[in-house]
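Asks: File name coords31.csv; file contents CSV, C-alpha atoms and all ligand atoms; full text below.
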```
chain,number,residue,atom,x,y,z
A,1,MET,CA,-77.8,-74.3,81.0
A,2,ASN,CA,-81.0,-73.0,79.5
A,3,ARG,CA,-83.6,-73.8,82.1
A,4,ILE,CA,-87.3,-74.3,81.4
A,5,TYR,CA,-89.3,-73.2,84.4
A,6,ALA,CA,-92.6,-75.2,84.5
A,7,ASP,CA,-93.3,-75.0,88.2
A,8,ASN,CA,-95.6,-72.0,88.3
A,9,ALA,CA,-98.1,-73.6,90.7
A,10,ALA,CA,-95.3,-73.7,93.3
A,11,THR,CA,-94.4,-70.1,92.7
A,12,THR,CA,-94.1,-67.6,89.8
A,13,LYS,CA,-91.4,-65.2,88.8
A,14,MET,CA,-92.3,-61.6,89.8
A,15,SER,CA,-93.3,-59.6,86.8
A,16,ARG,CA,-91.1,-56.6,85.8
A,17,HIS,CA,-94.0,-54.3,86.6
A,18,ALA,CA,-94.5,-55.7,90.1
A,19,THR,CA,-90.8,-55.6,90.8
A,20,GLU,CA,-90.6,-51.9,89.7
A,21,VAL,CA,-93.6,-50.9,91.8
A,22,MET,CA,-92.2,-52.7,94.8
A,23,LEU,CA,-88.8,-51.1,94.4
A,24,ASP,CA,-90.4,-47.7,94.0
A,25,VAL,CA,-92.3,-48.1,97.3
A,26,MET,CA,-89.3,-49.4,99.1
A,27,GLU,CA,-87.2,-46.4,98.0
A,28,ASN,CA,-89.8,-43.6,98.1
A,29,THR,CA,-92.7,-44.6,100.3
A,30,TYR,CA,-91.0,-46.2,103.3
A,31,ALA,CA,-92.9,-44.4,106.0
A,32,ASN,CA,-95.3,-46.2,108.3
A,33,PRO,CA,-98.9,-45.9,107.1
A,34,SER,CA,-100.0,-45.4,110.7
A,35,SER,CA,-97.7,-42.3,111.1
A,36,LEU,CA,-99.4,-39.0,111.2
A,37,HIS,CA,-96.7,-37.1,109.3
A,38,THR,CA,-97.1,-36.4,105.6
A,39,PRO,CA,-94.9,-39.3,104.4
A,40,GLY,CA,-96.9,-41.6,106.6
A,41,GLN,CA,-100.1,-40.4,105.2
A,42,LEU,CA,-98.8,-40.8,101.7
A,43,ALA,CA,-98.0,-44.4,102.6
A,44,ALA,CA,-101.6,-44.8,103.9
A,45,VAL,CA,-102.9,-43.5,100.6
A,46,LYS,CA,-101.0,-46.2,98.7
A,47,LEU,CA,-102.2,-48.8,101.1
A,48,ALA,CA,-105.8,-47.7,100.6
A,49,GLU,CA,-105.4,-47.6,96.8
A,50,SER,CA,-104.1,-51.1,96.8
A,51,ARG,CA,-107.0,-52.3,98.9
A,52,GLN,CA,-109.4,-50.5,96.6
A,53,LYS,CA,-107.8,-52.2,93.5
A,54,ILE,CA,-108.1,-55.7,94.9
A,55,ALA,CA,-111.6,-55.1,96.3
A,56,SER,CA,-112.8,-53.9,92.9
A,57,ILE,CA,-111.3,-57.0,91.2
A,58,LEU,CA,-113.1,-59.3,93.7
A,59,ASN,CA,-116.3,-57.1,93.6
A,60,CYS,CA,-116.3,-56.3,97.3
A,61,GLU,CA,-115.7,-53.3,99.6
A,62,PRO,CA,-112.2,-52.3,100.5
A,63,ARG,CA,-112.9,-52.8,104.2
A,64,GLU,CA,-113.6,-56.5,103.4
A,65,ILE,CA,-110.0,-57.0,102.4
A,66,ILE,CA,-107.5,-58.0,105.1
A,67,PHE,CA,-103.8,-58.1,104.0
A,68,THR,CA,-102.0,-61.2,105.3
A,69,SER,CA,-98.6,-62.8,104.9
A,70,GLY,CA,-99.9,-65.1,102.2
A,71,GLY,CA,-102.4,-67.8,101.3
A,72,SER,CA,-101.6,-70.0,104.3
A,73,GLU,CA,-102.3,-67.3,106.8
A,74,ALA,CA,-105.5,-66.3,105.0
A,75,ASP,CA,-106.7,-69.9,105.0
A,76,ASN,CA,-105.9,-70.3,108.7
A,77,GLN,CA,-107.6,-67.1,109.6
A,78,ALA,CA,-110.8,-67.8,107.6
A,79,ILE,CA,-111.3,-71.3,109.1
A,80,LEU,CA,-110.4,-70.4,112.6
A,81,SER,CA,-112.7,-67.4,112.6
A,82,ALA,CA,-115.6,-69.6,111.4
A,83,ALA,CA,-114.7,-72.0,114.2
A,84,VAL,CA,-115.0,-69.3,116.8
A,85,ILE,CA,-118.4,-68.2,115.4
A,86,GLY,CA,-119.5,-71.9,115.3
A,87,GLU,CA,-118.4,-72.4,118.9
A,88,LYS,CA,-120.6,-69.6,120.0
A,89,LYS,CA,-123.6,-70.9,118.1
A,90,LYS,CA,-122.9,-74.5,119.1
A,91,LYS,CA,-122.4,-75.4,115.5
A,92,LYS,CA,-119.2,-77.6,115.3
A,93,HIS,CA,-119.5,-79.3,111.9
A,94,ILE,CA,-117.4,-78.3,108.9
A,95,ILE,CA,-117.5,-79.5,105.3
A,96,SER,CA,-114.4,-79.6,103.2
A,97,THR,CA,-112.8,-81.9,100.6
A,98,LYS,CA,-110.1,-84.6,100.7
A,99,PHE,CA,-107.8,-82.7,98.5
A,100,GLU,CA,-107.4,-79.2,100.0
A,101,HIS,CA,-104.1,-77.6,100.5
A,102,HIS,CA,-102.4,-78.4,103.8
A,103,ALA,CA,-103.0,-74.9,105.0
A,104,VAL,CA,-106.7,-75.9,105.1
A,105,LEU,CA,-106.4,-79.5,106.0
A,106,HIS,CA,-104.0,-79.0,108.9
A,107,THR,CA,-106.1,-76.2,110.3
A,108,LEU,CA,-109.1,-78.6,110.1
A,109,LYS,CA,-107.1,-81.3,111.9
A,110,LYS,CA,-106.4,-78.9,114.7
A,111,LEU,CA,-110.1,-78.1,115.0
A,112,GLU,CA,-111.0,-81.8,115.1
A,113,LYS,CA,-108.7,-82.1,118.1
A,114,GLN,CA,-110.8,-79.3,119.7
A,115,GLY,CA,-114.1,-81.2,119.2
A,116,PHE,CA,-115.1,-80.1,115.7
A,117,GLU,CA,-116.4,-82.7,113.3
A,118,VAL,CA,-115.2,-82.4,109.7
A,119,THR,CA,-116.7,-84.1,106.6
A,120,TYR,CA,-114.1,-84.5,103.9
A,121,LEU,CA,-116.0,-84.8,100.6
A,122,ASP,CA,-114.9,-87.2,97.9
A,123,VAL,CA,-113.6,-85.5,94.7
A,124,HIS,CA,-114.0,-88.6,92.6
A,125,SER,CA,-111.7,-89.7,89.8
A,126,ASN,CA,-112.0,-86.4,87.9
A,127,GLY,CA,-110.9,-84.3,90.9
A,128,ILE,CA,-114.2,-82.4,91.1
A,129,VAL,CA,-116.5,-82.2,94.1
A,130,ARG,CA,-120.2,-83.0,93.5
A,131,VAL,CA,-122.5,-80.2,94.6
A,132,GLU,CA,-125.4,-82.6,95.4
A,133,GLU,CA,-123.1,-84.6,97.8
A,134,LEU,CA,-122.0,-81.3,99.4
A,135,GLU,CA,-125.6,-80.3,99.9
A,136,ALA,CA,-126.5,-83.7,101.4
A,137,ALA,CA,-123.6,-83.3,103.9
A,138,ILE,CA,-125.0,-80.1,105.3
A,139,ARG,CA,-126.4,-80.5,108.8
A,140,PRO,CA,-128.2,-78.2,111.2
A,141,ASP,CA,-124.9,-77.8,113.1
A,142,THR,CA,-122.8,-77.1,110.0
A,143,ILE,CA,-121.0,-73.7,110.4
A,144,LEU,CA,-118.6,-73.7,107.4
A,145,VAL,CA,-118.0,-75.1,103.9
A,146,THR,CA,-114.4,-74.7,102.8
A,147,VAL,CA,-113.7,-75.9,99.2
A,148,MET,CA,-110.8,-74.7,97.1
A,149,TYR,CA,-111.5,-72.9,93.8
A,150,ALA,CA,-108.8,-74.8,91.9
A,151,ASN,CA,-106.5,-77.6,93.0
A,152,ASN,CA,-102.8,-76.9,93.2
A,153,GLU,CA,-101.6,-80.4,92.1
A,154,ILE,CA,-104.0,-81.5,89.4
A,155,GLY,CA,-105.5,-78.1,88.5
A,156,THR,CA,-109.1,-79.1,88.6
A,157,ILE,CA,-111.6,-76.3,89.0
A,158,GLN,CA,-114.5,-76.7,91.4
A,159,PRO,CA,-118.1,-75.5,90.8
A,160,ILE,CA,-117.7,-72.6,93.1
A,161,ARG,CA,-120.8,-70.7,92.1
A,162,ALA,CA,-123.1,-73.7,92.6
A,163,ILE,CA,-121.4,-74.4,96.0
A,164,GLY,CA,-121.9,-70.7,97.0
A,165,GLU,CA,-125.6,-70.9,96.1
A,166,VAL,CA,-126.1,-74.1,98.2
A,167,CYS,CA,-124.3,-72.5,101.2
A,168,ARG,CA,-126.4,-69.3,101.0
A,169,LYS,CA,-129.6,-71.4,100.8
A,170,HIS,CA,-128.7,-73.3,104.0
A,171,GLU,CA,-127.1,-70.3,105.7
A,172,VAL,CA,-123.7,-71.9,106.0
A,173,LEU,CA,-120.5,-69.8,105.7
A,174,PHE,CA,-118.5,-70.5,102.5
A,175,HIS,CA,-114.8,-70.1,102.3
A,176,THR,CA,-112.8,-70.8,99.2
A,177,ASP,CA,-109.0,-71.1,98.9
A,178,ALA,CA,-108.6,-69.2,95.6
A,179,VAL,CA,-104.8,-69.1,95.7
A,180,GLN,CA,-104.4,-71.0,92.4
A,181,ALA,CA,-107.4,-69.3,90.8
A,182,ALA,CA,-106.7,-65.6,91.5
A,183,GLY,CA,-105.4,-63.9,88.4
A,184,HIS,CA,-106.2,-67.0,86.3
A,185,LEU,CA,-109.9,-67.5,86.7
A,186,PRO,CA,-112.8,-65.0,87.1
A,187,LEU,CA,-113.4,-63.9,90.7
A,188,ASP,CA,-116.7,-62.3,91.9
A,189,VAL,CA,-117.5,-62.8,95.5
A,190,GLN,CA,-121.0,-61.4,95.1
A,191,ALA,CA,-122.1,-63.5,92.1
A,192,ASP,CA,-120.4,-66.6,93.6
A,193,ASN,CA,-121.9,-66.1,97.1
A,194,ILE,CA,-118.5,-66.3,98.7
A,195,ASP,CA,-118.2,-65.3,102.3
A,196,MET,CA,-114.4,-65.6,102.7
A,197,LEU,CA,-111.7,-66.1,100.1
A,198,SER,CA,-107.9,-66.5,100.3
A,199,LEU,CA,-105.4,-65.4,97.7
A,200,SER,CA,-101.6,-65.2,97.5
A,201,ALA,CA,-99.5,-62.8,95.4
A,202,HIS,CA,-96.7,-65.1,94.5
A,203,LYS,CA,-99.0,-67.3,92.5
A,204,PHE,CA,-99.8,-64.5,90.0
A,205,HIS,CA,-96.3,-63.0,89.5
A,206,GLY,CA,-96.4,-60.8,92.6
A,207,PRO,CA,-94.0,-61.0,95.6
A,208,LYS,CA,-93.8,-63.9,98.1
A,209,GLY,CA,-94.9,-63.4,101.7
A,210,VAL,CA,-98.1,-61.4,101.0
A,211,GLY,CA,-101.7,-62.3,100.4
A,212,ALA,CA,-105.2,-61.3,101.2
A,213,LEU,CA,-108.3,-62.6,102.9
A,214,TYR,CA,-111.6,-61.3,101.7
A,215,ALA,CA,-114.2,-61.6,104.5
A,216,ARG,CA,-117.7,-60.4,103.9
A,217,LYS,CA,-118.7,-57.6,106.3
A,218,GLY,CA,-120.6,-58.8,109.3
A,219,ILE,CA,-118.5,-61.9,109.7
A,220,ALA,CA,-116.6,-61.7,113.0
A,221,ILE,CA,-113.0,-62.3,112.0
A,222,SER,CA,-110.7,-63.5,114.8
A,223,THR,CA,-107.1,-62.3,115.0
A,224,LEU,CA,-104.1,-64.7,114.6
A,225,ILE,CA,-101.6,-62.0,115.5
A,226,GLU,CA,-102.2,-59.7,118.3
A,227,GLY,CA,-100.7,-56.2,118.5
A,228,GLY,CA,-101.6,-52.9,116.8
A,229,ALA,CA,-104.9,-51.9,115.3
A,230,GLN,CA,-103.8,-52.4,111.6
A,231,GLU,CA,-106.3,-54.0,109.2
A,232,ARG,CA,-109.2,-52.7,111.4
A,233,ASN,CA,-108.0,-54.8,114.3
A,234,ARG,CA,-108.0,-58.0,112.4
A,235,ARG,CA,-104.3,-58.4,111.7
A,236,ALA,CA,-101.7,-56.6,113.7
A,237,GLY,CA,-98.2,-55.6,112.5
A,238,THR,CA,-96.9,-52.8,110.3
A,239,GLU,CA,-98.2,-53.4,106.8
A,240,ASN,CA,-95.9,-54.8,104.2
A,241,LEU,CA,-96.6,-51.9,101.9
A,242,PRO,CA,-94.0,-52.6,99.1
A,243,ALA,CA,-95.4,-56.1,98.8
A,244,ILE,CA,-99.0,-55.1,99.1
A,245,VAL,CA,-98.7,-52.4,96.4
A,246,ALA,CA,-96.9,-54.9,94.1
A,247,MET,CA,-99.6,-57.5,94.8
A,248,ALA,CA,-102.3,-55.1,93.7
A,249,ALA,CA,-100.3,-54.2,90.5
A,250,ALA,CA,-99.7,-57.9,89.7
A,251,LEU,CA,-103.3,-58.8,90.2
A,252,GLU,CA,-104.5,-55.9,88.0
A,253,ASP,CA,-102.1,-57.0,85.3
A,254,ALA,CA,-103.1,-60.6,85.5
A,255,VAL,CA,-106.8,-59.8,85.4
A,256,ALA,CA,-106.4,-57.3,82.5
A,257,ASN,CA,-104.6,-59.9,80.4
A,258,MET,CA,-106.4,-62.9,81.7
A,259,GLU,CA,-108.3,-63.8,78.5
A,260,GLU,CA,-105.3,-63.5,76.2
A,261,ASN,CA,-102.9,-65.2,78.7
A,262,ASN,CA,-105.3,-68.1,79.3
A,263,LYS,CA,-105.8,-68.7,75.5
A,264,TYR,CA,-102.0,-68.8,75.0
A,265,VAL,CA,-101.1,-70.8,78.1
A,266,SER,CA,-103.8,-73.3,77.6
A,267,SER,CA,-102.5,-73.9,74.0
A,268,LEU,CA,-99.1,-74.7,75.5
A,269,ARG,CA,-100.8,-77.0,78.1
A,270,ASP,CA,-102.7,-78.8,75.5
A,271,LYS,CA,-99.6,-79.3,73.4
A,272,LEU,CA,-97.9,-80.8,76.5
A,273,ILE,CA,-100.9,-83.0,77.4
A,274,ASN,CA,-101.1,-84.3,73.8
A,275,GLY,CA,-97.4,-85.0,73.6
A,276,LEU,CA,-97.1,-86.7,77.0
A,277,SER,CA,-100.3,-88.8,76.5
A,278,SER,CA,-98.5,-90.8,73.9
A,279,ILE,CA,-96.2,-92.2,76.5
A,280,PRO,CA,-97.6,-95.7,77.2
A,281,HIS,CA,-99.2,-96.5,80.5
A,282,SER,CA,-99.5,-92.8,81.5
A,283,THR,CA,-102.5,-90.9,82.6
A,284,LEU,CA,-103.5,-87.3,82.9
A,285,THR,CA,-104.5,-86.7,86.5
A,286,GLY,CA,-107.7,-84.6,87.0
A,287,ASP,CA,-110.5,-83.6,84.6
A,288,ARG,CA,-109.4,-82.9,81.0
A,289,GLU,CA,-111.7,-79.9,80.6
A,290,ASN,CA,-112.2,-78.2,84.0
A,291,ARG,CA,-108.6,-77.5,84.7
A,292,LEU,CA,-106.4,-74.5,85.2
A,293,PRO,CA,-105.1,-73.1,81.8
A,294,GLY,CA,-101.5,-73.7,82.8
A,295,CYS,CA,-101.7,-77.1,84.5
A,296,ALA,CA,-100.6,-80.4,83.0
A,297,SER,CA,-100.3,-83.2,85.6
A,298,PHE,CA,-99.5,-86.8,84.9
A,299,CYS,CA,-98.8,-90.2,86.4
A,300,PHE,CA,-96.5,-92.7,84.7
A,301,GLU,CA,-96.6,-96.3,85.8
A,302,GLY,CA,-93.5,-98.1,87.0
A,303,ILE,CA,-91.4,-95.1,87.9
A,304,GLU,CA,-90.7,-92.9,90.9
A,305,GLY,CA,-91.6,-89.2,90.6
A,306,GLU,CA,-88.6,-88.1,92.6
A,307,ALA,CA,-86.2,-89.8,90.2
A,308,LEU,CA,-88.1,-88.3,87.2
A,309,LEU,CA,-87.8,-84.8,88.7
A,310,LEU,CA,-84.1,-85.1,89.4
A,311,LEU,CA,-83.3,-86.4,85.9
A,312,LEU,CA,-85.5,-83.7,84.3
A,313,ASP,CA,-83.7,-81.1,86.4
A,314,GLN,CA,-80.4,-82.4,84.9
A,315,LYS,CA,-81.9,-81.7,81.5
A,316,GLY,CA,-82.9,-78.2,82.6
A,317,VAL,CA,-86.6,-78.9,83.0
A,318,CYS,CA,-88.1,-77.7,86.3
A,319,GLY,CA,-91.3,-79.4,87.3
A,320,SER,CA,-92.6,-80.9,90.4
A,321,SER,CA,-94.1,-84.1,91.7
A,322,GLY,CA,-97.2,-84.8,93.7
A,323,SER,CA,-95.3,-87.3,95.8
A,324,ALA,CA,-94.3,-85.6,99.0
A,325,CYS,CA,-90.6,-86.0,98.5
A,326,THR,CA,-89.9,-82.5,99.5
A,327,SER,CA,-91.5,-82.9,102.9
A,328,GLY,CA,-89.2,-85.8,103.5
A,329,SER,CA,-92.2,-88.2,103.7
A,330,LEU,CA,-92.6,-91.4,101.7
A,331,ASP,CA,-96.4,-91.0,101.6
A,332,PRO,CA,-97.7,-90.2,98.2
A,333,SER,CA,-99.7,-87.0,97.6
A,334,HIS,CA,-103.0,-86.9,99.4
A,335,VAL,CA,-104.4,-85.3,96.3
A,336,LEU,CA,-103.5,-88.1,94.0
A,337,LEU,CA,-104.8,-90.7,96.5
A,338,SER,CA,-108.0,-88.6,96.7
A,339,ILE,CA,-108.8,-89.2,93.1
A,340,GLY,CA,-108.5,-92.9,93.6
A,341,LEU,CA,-105.0,-93.6,92.3
A,342,PRO,CA,-103.2,-96.5,94.1
A,343,HIS,CA,-100.0,-95.7,96.0
A,344,GLU,CA,-97.7,-97.2,93.4
A,345,VAL,CA,-99.1,-95.1,90.6
A,346,ALA,CA,-99.3,-91.9,92.7
A,347,HIS,CA,-95.6,-92.2,93.3
A,348,GLY,CA,-94.9,-91.8,89.6
A,349,SER,CA,-96.4,-88.3,89.3
A,350,LEU,CA,-95.3,-85.2,87.5
A,351,ARG,CA,-96.8,-81.7,87.6
A,352,LEU,CA,-95.9,-79.2,84.9
A,353,THR,CA,-97.4,-75.7,85.4
A,354,LEU,CA,-97.0,-73.0,82.8
A,355,CYS,CA,-97.1,-69.2,82.5
A,356,PRO,CA,-97.2,-66.7,79.6
A,357,GLU,CA,-93.4,-66.7,79.6
A,358,ASN,CA,-93.2,-70.3,78.4
A,359,THR,CA,-92.9,-71.0,74.7
A,360,PRO,CA,-94.1,-73.7,72.3
A,361,GLU,CA,-90.5,-74.7,71.6
A,362,GLU,CA,-90.1,-75.3,75.3
A,363,MET,CA,-93.0,-77.7,75.2
A,364,ASP,CA,-91.2,-79.7,72.5
A,365,VAL,CA,-88.1,-79.9,74.7
A,366,ILE,CA,-90.2,-81.0,77.7
A,367,ILE,CA,-92.0,-83.7,75.8
A,368,GLN,CA,-88.8,-85.1,74.5
A,369,ALA,CA,-87.1,-84.9,77.9
A,370,VAL,CA,-90.0,-86.6,79.8
A,371,THR,CA,-90.4,-89.3,77.1
A,372,ASP,CA,-86.6,-90.1,77.3
A,373,VAL,CA,-86.4,-90.0,81.1
A,374,VAL,CA,-89.5,-92.1,81.6
A,375,ALA,CA,-88.1,-94.7,79.2
A,376,TYR,CA,-84.8,-94.7,80.9
A,377,LEU,CA,-86.2,-95.1,84.4
A,378,ARG,CA,-88.5,-97.9,83.3
A,379,SER,CA,-85.5,-99.7,81.7
A,380,ILE,CA,-83.9,-99.9,85.2
A,381,SER,CA,-87.1,-100.4,87.2
A,382,PRO,CA,-87.8,-103.9,88.7
A,383,VAL,CA,-91.5,-102.9,88.9
A,384,TRP,CA,-91.6,-102.1,85.2
A,385,ASN,CA,-89.8,-105.4,84.5
A,386,ASP,CA,-92.5,-107.3,86.4
A,387,LEU,CA,-95.2,-105.4,84.6
A,388,GLN,CA,-93.6,-106.2,81.2
A,389,LYS,CA,-93.2,-109.9,82.0
A,390,GLY,CA,-96.9,-110.1,83.1
A,391,LYS,CA,-96.0,-110.9,86.7
A,392,LYS,CA,-98.0,-107.8,87.7
A,393,GLU,CA,-101.0,-106.1,86.2
A,394,TYR,CA,-100.8,-102.6,84.8
A,395,VAL,CA,-103.0,-100.2,86.7
A,396,ILE,CA,-102.9,-97.6,83.9
A,397,GLN,CA,-103.7,-99.2,80.5
A,401,LIG,C1,-99.6,-71.9,97.4
A,401,LIG,C2,-100.9,-72.2,98.0
A,401,LIG,C3,-101.2,-71.9,99.3
A,401,LIG,C4,-100.3,-71.3,100.2
A,401,LIG,O1,-100.0,-69.9,99.9
A,401,LIG,P1,-98.7,-69.2,100.5
A,401,LIG,O2,-98.8,-67.8,100.1
A,401,LIG,O3,-97.5,-69.9,99.9
A,401,LIG,O4,-98.8,-69.4,102.0
A,401,LIG,C5,-102.5,-72.2,99.7
A,401,LIG,N1,-103.4,-72.8,98.9
A,401,LIG,C6,-103.1,-73.2,97.7
A,401,LIG,C7,-104.1,-73.8,96.8
A,401,LIG,C8,-101.8,-72.9,97.2
A,401,LIG,O5,-101.5,-73.3,95.9
```
Go through the file and emit its structure as structure tokens.
Ligand SMILES: *Cc1c(COP(=O)(O)O)cnc(C)c1O
Replies:
Amino acid sequence: MNRIYADNAATTKMSRHATEVMLDVMENTYANPSSLHTPGQLAAVKLAESRQKIASILNCEPREIIFTSGGSEADNQAILSAAVIGEKKKKKHIISTKFEHHAVLHTLKKLEKQGFEVTYLDVHSNGIVRVEELEAAIRPDTILVTVMYANNEIGTIQPIRAIGEVCRKHEVLFHTDAVQAAGHLPLDVQADNIDMLSLSAHKFHGPKGVGALYARKGIAISTLIEGGAQERNRRAGTENLPAIVAMAAALEDAVANMEENNKYVSSLRDKLINGLSSIPHSTLTGDRENRLPGCASFCFEGIEGEALLLLLDQKGVCGSSGSACTSGSLDPSHVLLSIGLPHEVAHGSLRLTLCPENTPEEMDVIIQAVTDVVAYLRSISPVWNDLQKGKKEYVIQ
């Protein structure tokens, strides 16, 4: 079957370039960068070059980049480091949002158990945090603001520069989970006043299991993994050099082609949004304008997202749902609830996330498939029957 992959927010296919670079390092530069012999030193050079490439893209110094096992680890390390700093200064208040990734939210929950207080800002119906509300939440004991750059389920982009300005003004640390943004949106930690930033290679056509944490110099970063002195004593363990070199190559490519890719991918997204919007009692989730170029996310009233996904899969369309079916939980997505959707609507969600390999023809196939499957599922849905007969009110008009 010809499959259409529209789940790029979950992970991307590695680019040919990143794959080639990775294979080359695996075959030819396998020595340990900490070894003193020549092959070891050649590996150390590749490591330094990769760090330099990523630093120049983020507009920071190479020593401000810590390589990690991915976005989750970078998020954990950033937040836990800020907590250690806060503990020392007797500042135990953190500001975040209701719709962060679980790598952030679960770390914050852990800190709440340790006596930290967390304010979870509302993201309103458009899925965008309001800077004036963020500023109003800052207290004398606030140590950290952590707000994602772009949301992974509904694709909404946060006013990162304005948030950075406010944090700088009030001398509060600012971390952003830029995992969905890196390679897709401009990154400049100086201009945006970002103190810590997380990224992950597999969201921009690099390998899985590798990421980076940018931490402004002077911020005391705590270790999550004890051992050797790698990463200037901030992350022990022999560096995953093949993946790190491939990540740098993938990020360089993504940034070099960003404008062109975004123009193309957003045209596909808009085609999808226009096509799917004609399904009755459906709604786009998240702001129409301030969204990632590749993200189309919807809710359809009267259906279950899981059933929709399975039937789409049978038609060769790979998407995902905001409802947490994969985690074995019946709770709908915290992201969809955070933008004010009621449970029954949040259950009928669909996220389609695109990349430059997708085609306009694929969008036509997806639109037809989703239209057909939604109609079928509604035809067998007792909830839809009640809505049609007027026994229940539609939430989505
Ligand atoms: C994917 C993702 C993560 C986790 O990154 P991993 O590299 O898979 O650990 C964190 N935050 C956001 C917003 C993501 O989309």
Asks: Which polymer residues have any atom within 10 Å of an atom of stretch 114-121 of chain A, counting all atoms listed in the file, with same-chain residues fewer than 3 positions away left out, as a short mmCIF file (atom, residue, chain, number, x, y, z; two decimals) with C-alpha atoms, keeping the file's coordinate frame?
Replies:
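Done, and the output landed in selection13.cif:
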```
data_model
loop_
_atom_site.label_atom_id
_atom_site.label_comp_id
_atom_site.auth_asym_id
_atom_site.auth_seq_id
_atom_site.Cartn_x
_atom_site.Cartn_y
_atom_site.Cartn_z
CA ALA A 83 -114.70 -72.00 114.20
CA GLY A 86 -119.50 -71.90 115.30
CA GLU A 87 -118.40 -72.40 118.90
CA LYS A 91 -122.40 -75.40 115.50
CA LYS A 92 -119.20 -77.60 115.30
CA HIS A 93 -119.50 -79.30 111.90
CA ILE A 94 -117.40 -78.30 108.90
CA ILE A 95 -117.50 -79.50 105.30
CA SER A 96 -114.40 -79.60 103.20
CA THR A 97 -112.80 -81.90 100.60
CA LYS A 98 -110.10 -84.60 100.70
CA PHE A 99 -107.80 -82.70 98.50
CA GLU A 100 -107.40 -79.20 100.00
CA LEU A 105 -106.40 -79.50 106.00
CA LEU A 108 -109.10 -78.60 110.10
CA LYS A 109 -107.10 -81.30 111.90
CA LYS A 110 -106.40 -78.90 114.70
CA LEU A 111 -110.10 -78.10 115.00
CA HIS A 124 -114.00 -88.60 92.60
CA ILE A 128 -114.20 -82.40 91.10
CA VAL A 129 -116.50 -82.20 94.10
CA ARG A 130 -120.20 -83.00 93.50
CA VAL A 131 -122.50 -80.20 94.60
CA GLU A 133 -123.10 -84.60 97.80
CA LEU A 134 -122.00 -81.30 99.40
CA ALA A 137 -123.60 -83.30 103.90
CA ILE A 138 -125.00 -80.10 105.30
CA ASP A 141 -124.90 -77.80 113.10
CA THR A 142 -122.80 -77.10 110.00
CA LEU A 144 -118.60 -73.70 107.40
CA VAL A 145 -118.00 -75.10 103.90
CA THR A 146 -114.40 -74.70 102.80
CA VAL A 147 -113.70 -75.90 99.20
CA SER A 338 -108.00 -88.60 96.70
#
```
Asks: Between A:Met1, A:Met26, A:Ala181, A:Val166, which residue has the minimum interatomic distance to ligand LIG 401 (chain A), considering only C-alpha atoms and all ligand atoms?
Replies: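 Answer, going by the shortest atom-to-atom distance: A:Ala181.
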Asks: Please determine, counting only C-alpha atoms, which residue among A:Cys318, A:Leu199, A:Ile79, A:Ile194 has the shortest atom-to-atom distance to A:His106.
Replies: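 Comparing A:Cys318, A:Leu199, A:Ile79, A:Ile194 against A:His106, the winner is A:Ile79.
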Asks: Using all atoms listed in the file, which residues of the polymer chains come no farther than 7 Å from ligand LIG 401 (chain A)? I'd like the answer as an MDAnalysis selection string.
Replies: chainID A and resid 9:10 69:73 101 103 148 150:152 177:180 200:203 208:211
Asks: Go ahead and compute the interatomic distance for atom CA of A:Leu276 and atom CA of A:Ile367, in Å to one decimal.
Replies: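 Here the two named atoms are 6.0 Å from each other.
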Asks: A:Gln388, A:Asn262, A:Ser333, A:Ser56: which is nearest A:Gly348, counting all atoms listed in the file?
Replies: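 Answer, going by the shortest atom-to-atom distance: A:Ser333.
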Asks: Let me make sure I understand: among A:Asn274, A:Ser222, A:Asn257, A:Thr238, which one has the smallest atom-to-atom distance to A:Tyr30 if we use all atoms listed in the file?
Replies: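 The closest residue to A:Tyr30 is A:Thr238.
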Asks: Which residue gives the smallest distance to A:Val374 among A:Thr12, A:Asn59, A:Ser35, A:Ser282, with only C-alpha atoms counted?
Replies: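 Counting only C-alpha atoms, the residue closest to A:Val374 is A:Ser282.
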Asks: Just give me the gap between atom CA of A:Leu387 and atom CA of A:Ser321 in Å, one decimal is fine.
Replies: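 Between atom CA of A:Leu387 and atom CA of A:Ser321 the gap is 22.5 Å.
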Asks: Would you list the contacts of stretch 290-303 of chain A as a ChimeraX atom specification, taking every protein, DNA or RNA residue within 7 Å and counting all atoms listed in the file, but skipping same-chain residues closer than 3 positions in sequence?
Replies: /A:154-157,262,265-266,269,273,281-285,287,345-346,348-355,377-378,381,383-384,396
Asks: So the first atom is atom CA of A:Glu231 and the second is atom CA of A:Ala55; what is the distance between them in Å, to one decimal place?
Replies: 14.0 Å
Asks: Within 10 Å of A:Met196, counting all atoms listed in the file, which residues qualify if same-chain residues fewer than 2 places away don't, as a PyMOL selection string?
Replies: chain A and resi 64-65+74-75+77-79+82+146+173-178+189+193-194+198+213-217+219+221
Asks: Select, from A:Ile4, A:Ile339, A:Ala250, A:Ile85, the residue with the minimum atom-to-atom distance to A:Thr359, counting all atoms listed in the file.
Replies: A:Ile4
Asks: Hey, what's within 9 Å of A:Met363 if we count all atoms listed in the file and toss same-chain stuff fewer than 6 positions away? As a ChimeraX atom specification, please?
Replies: /A:268-269,271-272,275
Asks: Using the selection just defined, write its residues with C-alpha atoms as a short mmCIF file (atom, residue, chain, number, x, y, z; two decimals), keeping the file's coordinate frame.
Replies:
```cif
data_model
loop_
_atom_site.label_atom_id
_atom_site.label_comp_id
_atom_site.auth_asym_id
_atom_site.auth_seq_id
_atom_site.Cartn_x
_atom_site.Cartn_y
_atom_site.Cartn_z
CA LEU A 268 -99.10 -74.70 75.50
CA ARG A 269 -100.80 -77.00 78.10
CA LYS A 271 -99.60 -79.30 73.40
CA LEU A 272 -97.90 -80.80 76.50
CA GLY A 275 -97.40 -85.00 73.60
#
```
